[in-house]
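A quick write-up on the structure given underneath.
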Amino acid sequence: MSISFRTVLKWFWRYAKPYQWAFYACMLSTTAIYVLATIAPLFYKRLLDGIATSDRSTEAVAAMLVTVGMIGLVIGSRWIFYRITGYLIVFFESRVLNAMDEGMFRQLMYHSYAFFANNFAGTLTRRVKRFSDAFERLTDSFLFNILPLAITTIGAVVVLFMRDWRLSAGFFASVMVILVGNIAFARWRLKFDVARSEKDSAVSGSLTDAFANIVNVKAFARQRFEEDRFHVIRGELLFAQKKSWNLYETSAAVQAFVMLLVEIGIVFTAVKLWQRGILTVGDFVLIQAYLISVFDQLRGIGNIMRRIFESVADAKELVEIVEQMPDVRDIPRAKSIVVKKGTIDFQEVTFNYHKTRKTIDRLSLRIASGERVAFIGPSGAGKSTFVKLLLRFYDADSGHILIDGQDIRRVTQESLRAQIAFVSQDPILFHRTIRENIQYARLDATQEEVEHAAKLAHCHEFIVNLPEGYDTYVGERGIKLSGGERQRVAIARAILKDAPILVLDEATSSLDSESEFLIQDALQVLMKGRTTIAIAHRLSTIMAMDRILVLDGGKIVDQGTHDELLKRGGLYQKLWNIQAGGFLTEGEV
């Protein structure tokens, strides 16, 4: 998707608009600063002309002192406007940046599950930060560089025109040539800045990926491999940076040479005009003051344009994402689902991830209210996909999924997921306290309710033995807890949610035998009266179900109770025969 500069500005303005008065006030204050800066050299000219042509009479000295007073007034007024601008810019940018971060976070959170599966978390974090940084840089560049240059140039051209039109025309033409040249060159360099920005994101994503999988890196002794991989990715960024920055240095060198020629030309013209009696000594000071002021700003314009286009490139990365419609979204005026029984119907449902192989193939299934159903089958049979479709992490390619007769595509995602308690096989916890992680299921739950759920999940015992108890922080992704402890915290969270539909992606897979024995009783209580779907690996989970569904190739190839399926033979009996100690191998389930 190609994102234009106008589109980026539209997103910026979306968050800046509520505070536009502060922005316009900043513009007025900045304008006042540089109008005064343009006026100041006129008083210096008057002062020097007075010194050069006047006698030392009282009247002449008094006139010069008045001029000195005017210079002081101009300088004092500029100081006041500088302070006003400073306070306004702090007010404006701080509030807009806050609104931007919150708004972009909200925009990204509404993207579908597939979006997050296909994007590095670190890359997304960096893009959100870059977007707000880009706004800050663009705002600062406009208020402190572009606007001052425009005001100073216009003021200088007007004043010089009053002295001699040739000076004014030459000055204006020179500024325009340098400015247009810089803009054209910066636009040409934009593609290199975009490439640099993309490579920078790749570096960030690589770092995040390696750090997030540090256990694998250490366990497989792949530090050197990760270093070499990062060296290649960082090398691509180095090449992009050098190309972009070297182009800027070339531009700066050419610009400096042109400015030198312009300054020599204008001073030479001024000398000739002075020789003819058109200009005074004060005019030389006036001209030189404007040349120094404008050219000092122009010398940095190449860097400013580079910063602007880099900022646009950085912002485009995030705008490109938020401009995309989520794969899964609510229909207009979608209603909240009402679940009283928890009956689930899959009607001729077909789904595939890559448009090549059907993961779910015309699957039809009815799960009655309160029924406990286990899914079993080889890896890739479609068990986890079934759960993701039920939670509407993905939309089916065809067919319908109903809960209590309500098509889940026609209800809000939030209300749908509020009716389903989900425990994944590898639960990931927030880097927050244990209380906050359990309470995530129901934010208004009391401490007593949290502890009750924890006791049912048999995690209260180990929690109270921690130094901070329920206020213990679990670390990033819950790394401070063991796998079994994380699983039990996740089960406690599901118990607290008290939803009519329960989904267990082998919720006991990370538990030792003792913990599993304890948790089975809690799960039996939890499943009572609730429609339960379990992706099963363990025999203990399978045996507790009312019905077992055998999936293979995205289809239900057999179903029944444990005894019925064993009598019929087939795939279920094969899976049963390869069990060892009540466990099914991961590759077979």
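Every chain in the structure tokens has a letter given in the order shown (A, B, ...), and although residue numbers restart at 1 in each chain, ligands are simply numbered from 1 in the order shown.
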
Residues within 12 Å of Glu136 in chain A, only C-alpha atoms, excluding chain neighbours under 2 positions, as number ranges by chain: A: 12, 16, 89-90, 92-98, 100, 129-134, 138-144, 307-308, 311-312, 315

Two-atom distance - CA of Gly69 in chain A, CA of Val285 in chain A (Å):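 Going from CA of Gly69 in chain A over to CA of Val285 in chain A, I get 18.8 Å.
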
Long-range neighbours of Thr532 in chain A as a VMD selection string, 8 Å cut-off, only C-alpha atoms, 6 positions minimum in chain: chain A and resid 370 to 373 501 to 504

Nearest residue to Val474 in chain A from the set A:Glu436, A:Glu414, A:Glu449, A:Asp395 (distances using only C-alpha atoms): A:Glu436

Surrounding residues of Val175 in chain A excluding itself and chain neighbours under 3 positions, 8 Å, only C-alpha atoms, as a PyMOL selection string: chain A and resi 153+171-172+178-179+298

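Shell of Asn145 in chain A at 9 Å, with only C-alpha atoms counted and residues fewer than 4 places along the chain excluded, is Asp140, Ser141, Leu149, Ala150, Gln297, Gly300, Ile301 and Ile304 of chain A.
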
Prev. selection, N, CA and C atoms, output as a compact mmCIF listing (two decimals), in the first residue's frame:
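Below is the file that was written, selection_28.txt:
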```txt
# COMPACT_ATOMS: atom_id res chain seq x y z
N ASP A 140 8.33 20.54 15.36
CA ASP A 140 9.48 21.38 15.72
C ASP A 140 10.15 21.95 14.48
N SER A 141 10.26 21.14 13.43
CA SER A 141 10.89 21.62 12.19
C SER A 141 10.10 22.76 11.57
N LEU A 149 12.39 30.66 8.73
CA LEU A 149 13.08 30.92 7.45
C LEU A 149 12.18 31.70 6.51
N ALA A 150 10.89 31.32 6.44
CA ALA A 150 9.95 32.01 5.56
C ALA A 150 9.78 33.47 5.99
N GLN A 297 20.18 29.83 8.46
CA GLN A 297 19.02 28.94 8.45
C GLN A 297 19.02 28.04 7.22
N GLY A 300 21.21 24.84 7.34
CA GLY A 300 20.64 23.68 8.01
C GLY A 300 19.42 23.12 7.32
N ILE A 301 18.98 23.77 6.22
CA ILE A 301 17.72 23.34 5.59
C ILE A 301 17.81 21.94 5.01
N ILE A 304 17.34 19.69 7.81
CA ILE A 304 15.93 19.78 8.22
C ILE A 304 15.04 18.99 7.26
```

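Omitting Met70 in chain A and its sequence neighbours fewer than 3 positions away, and counting only C-alpha atoms, the residues within 12 Å are Leu36, Ile39, Ala40, Pro41, Leu42, Phe43, Tyr44, Arg46, Leu47, Ala63, Met64, Leu65, Val66, Thr67, Leu73, Val74, Ile75, Gly76 and Ser77 of chain A.
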
As a tab-separated table (two decimals) with N, CA and C atoms, in the first residue's frame, please: the residues near range 347-364 of chain A (cut-off 8 Å, only C-alpha atoms, same-chain neighbours under 5 positions excluded).
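To be explicit, this is the file written out as part28.tsv:
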```
chain	number	residue	atom	x	y	z
A	380	GLY	N	-1.83	-31.00	13.03
A	380	GLY	CA	-2.30	-30.41	11.78
A	380	GLY	C	-3.68	-30.87	11.37
A	381	ALA	N	-4.36	-31.61	12.26
A	381	ALA	CA	-5.69	-32.12	11.91
A	381	ALA	C	-6.75	-31.03	11.93
A	382	GLY	N	-6.48	-29.91	12.63
A	382	GLY	CA	-7.45	-28.82	12.67
A	382	GLY	C	-8.03	-28.55	14.03
A	385	THR	N	-7.31	-24.96	15.16
A	385	THR	CA	-8.02	-24.08	14.23
A	385	THR	C	-9.50	-24.00	14.59
A	386	PHE	N	-10.08	-25.13	14.99
A	386	PHE	CA	-11.49	-25.16	15.41
A	386	PHE	C	-11.71	-24.15	16.53
A	395	ASP	N	-12.05	-15.65	10.51
A	395	ASP	CA	-13.37	-15.90	9.94
A	395	ASP	C	-13.29	-17.08	8.99
A	396	ALA	N	-14.30	-17.93	9.05
A	396	ALA	CA	-14.35	-19.08	8.15
A	396	ALA	C	-14.47	-18.61	6.70
A	397	ASP	N	-13.89	-19.38	5.78
A	397	ASP	CA	-14.00	-19.05	4.36
A	397	ASP	C	-15.43	-19.27	3.86
A	398	SER	N	-16.09	-20.27	4.42
A	398	SER	CA	-17.49	-20.52	4.07
A	398	SER	C	-18.15	-21.25	5.23
A	399	GLY	N	-19.47	-21.28	5.21
A	399	GLY	CA	-20.22	-21.92	6.28
A	399	GLY	C	-20.57	-20.95	7.39
A	400	HIS	N	-21.20	-21.48	8.43
A	400	HIS	CA	-21.66	-20.64	9.54
A	400	HIS	C	-21.32	-21.29	10.87
A	401	ILE	N	-21.03	-20.45	11.86
A	401	ILE	CA	-20.80	-20.90	13.23
A	401	ILE	C	-21.83	-20.20	14.11
A	553	GLY	N	-7.22	-34.28	8.79
A	553	GLY	CA	-7.37	-33.55	7.52
A	553	GLY	C	-8.49	-32.54	7.53
A	554	GLY	N	-8.81	-31.98	8.70
A	554	GLY	CA	-9.85	-30.96	8.79
A	554	GLY	C	-11.25	-31.52	8.80
A	555	LYS	N	-11.39	-32.84	8.95
A	555	LYS	CA	-12.71	-33.47	8.98
A	555	LYS	C	-12.84	-34.35	10.22
A	556	ILE	N	-14.09	-34.54	10.64
A	556	ILE	CA	-14.36	-35.47	11.74
A	556	ILE	C	-14.45	-36.86	11.13
```

Sel. of helix (DSSP H, G or I) residues, range 280-331 of chain A, as a PyMOL selection string: chain A and resi 281-299+301-322

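Here CA of His111 in chain A is placed at a distance of 18.8 Å from CA of Ile3 in chain A.
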
Nearest residue to Asp193 in chain A from the set A:Gln223, A:Leu167, A:Ser244, A:Val232 (distances using only C-alpha atoms): A:Ser244

Counting only C-alpha atoms, the residue of A:Ser379, A:Ser206, A:Gln439, A:Thr269 that sits nearest Ala494 in chain A: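 Looking at the shortest contact to Ala494 in chain A, the residue is A:Gln439.
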
As a short mmCIF file (atom, residue, chain, number, x, y, z; two decimals) with N, CA and C atoms, in the first residue's frame, please: every residue in range 167-400 of chain A that a backbone DSSP assignment puts in strand (DSSP E).
```cif
data_model
loop_
_atom_site.label_atom_id
_atom_site.label_comp_id
_atom_site.auth_asym_id
_atom_site.auth_seq_id
_atom_site.Cartn_x
_atom_site.Cartn_y
_atom_site.Cartn_z
N ILE A 344 -23.49 -25.02 20.49
CA ILE A 344 -22.58 -24.59 19.42
C ILE A 344 -22.87 -25.40 18.16
N ASP A 345 -23.02 -24.70 17.03
CA ASP A 345 -23.26 -25.36 15.74
C ASP A 345 -22.24 -24.89 14.72
N PHE A 346 -21.53 -25.84 14.12
CA PHE A 346 -20.69 -25.58 12.95
C PHE A 346 -21.44 -26.15 11.74
N GLN A 347 -21.72 -25.29 10.77
CA GLN A 347 -22.51 -25.70 9.60
C GLN A 347 -21.68 -25.56 8.33
N GLU A 348 -21.21 -26.70 7.81
CA GLU A 348 -20.44 -26.72 6.56
C GLU A 348 -19.29 -25.71 6.57
N VAL A 349 -18.54 -25.68 7.65
CA VAL A 349 -17.47 -24.69 7.81
C VAL A 349 -16.20 -25.16 7.10
N THR A 350 -15.65 -24.25 6.28
CA THR A 350 -14.38 -24.50 5.58
C THR A 350 -13.42 -23.35 5.87
N PHE A 351 -12.16 -23.71 6.12
CA PHE A 351 -11.16 -22.67 6.38
C PHE A 351 -9.78 -23.19 6.02
N ILE A 360 -9.74 -26.79 7.78
CA ILE A 360 -11.07 -27.28 8.16
C ILE A 360 -11.86 -27.45 6.86
N ASP A 361 -12.41 -28.65 6.64
CA ASP A 361 -13.03 -28.96 5.35
C ASP A 361 -14.50 -29.34 5.52
N ARG A 362 -15.37 -28.37 5.26
CA ARG A 362 -16.83 -28.58 5.28
C ARG A 362 -17.26 -29.31 6.56
N LEU A 363 -16.81 -28.79 7.67
CA LEU A 363 -17.07 -29.43 8.96
C LEU A 363 -18.44 -29.03 9.48
N SER A 364 -19.24 -30.02 9.82
CA SER A 364 -20.55 -29.79 10.44
C SER A 364 -20.57 -30.51 11.78
N LEU A 365 -21.01 -29.80 12.80
CA LEU A 365 -20.96 -30.35 14.15
C LEU A 365 -21.92 -29.59 15.04
N ARG A 366 -22.57 -30.34 15.93
CA ARG A 366 -23.43 -29.71 16.94
C ARG A 366 -22.97 -30.16 18.32
N ILE A 367 -22.69 -29.20 19.18
CA ILE A 367 -22.31 -29.49 20.56
C ILE A 367 -23.44 -28.97 21.44
N ARG A 372 -19.61 -31.98 27.17
CA ARG A 372 -18.15 -31.91 27.25
C ARG A 372 -17.57 -32.73 26.10
N VAL A 373 -16.84 -32.03 25.24
CA VAL A 373 -16.34 -32.65 24.01
C VAL A 373 -14.82 -32.53 23.95
N ALA A 374 -14.17 -33.63 23.60
CA ALA A 374 -12.71 -33.62 23.42
C ALA A 374 -12.38 -33.80 21.95
N PHE A 375 -11.39 -33.06 21.48
CA PHE A 375 -10.87 -33.20 20.12
C PHE A 375 -9.52 -33.90 20.19
N ILE A 376 -9.37 -34.90 19.36
CA ILE A 376 -8.10 -35.62 19.30
C ILE A 376 -7.79 -35.91 17.84
N SER A 398 -16.09 -20.27 4.42
CA SER A 398 -17.49 -20.52 4.07
C SER A 398 -18.15 -21.25 5.23
N GLY A 399 -19.47 -21.28 5.21
CA GLY A 399 -20.22 -21.92 6.28
C GLY A 399 -20.57 -20.95 7.39
N HIS A 400 -21.20 -21.48 8.43
CA HIS A 400 -21.66 -20.64 9.54
C HIS A 400 -21.32 -21.29 10.87
#
```

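When only C-alpha atoms are used to compute distances to Ile542 in chain A, the closest of the residues A:Asn182, A:Ile408, A:Val203, A:Gly377 turns out to be A:Gly377.
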
Minimum-distance residue to Gly103 in chain A, chosen among A:His431, A:Trp11, A:Val258, A:Ala252 (using only C-alpha atoms): A:Trp11
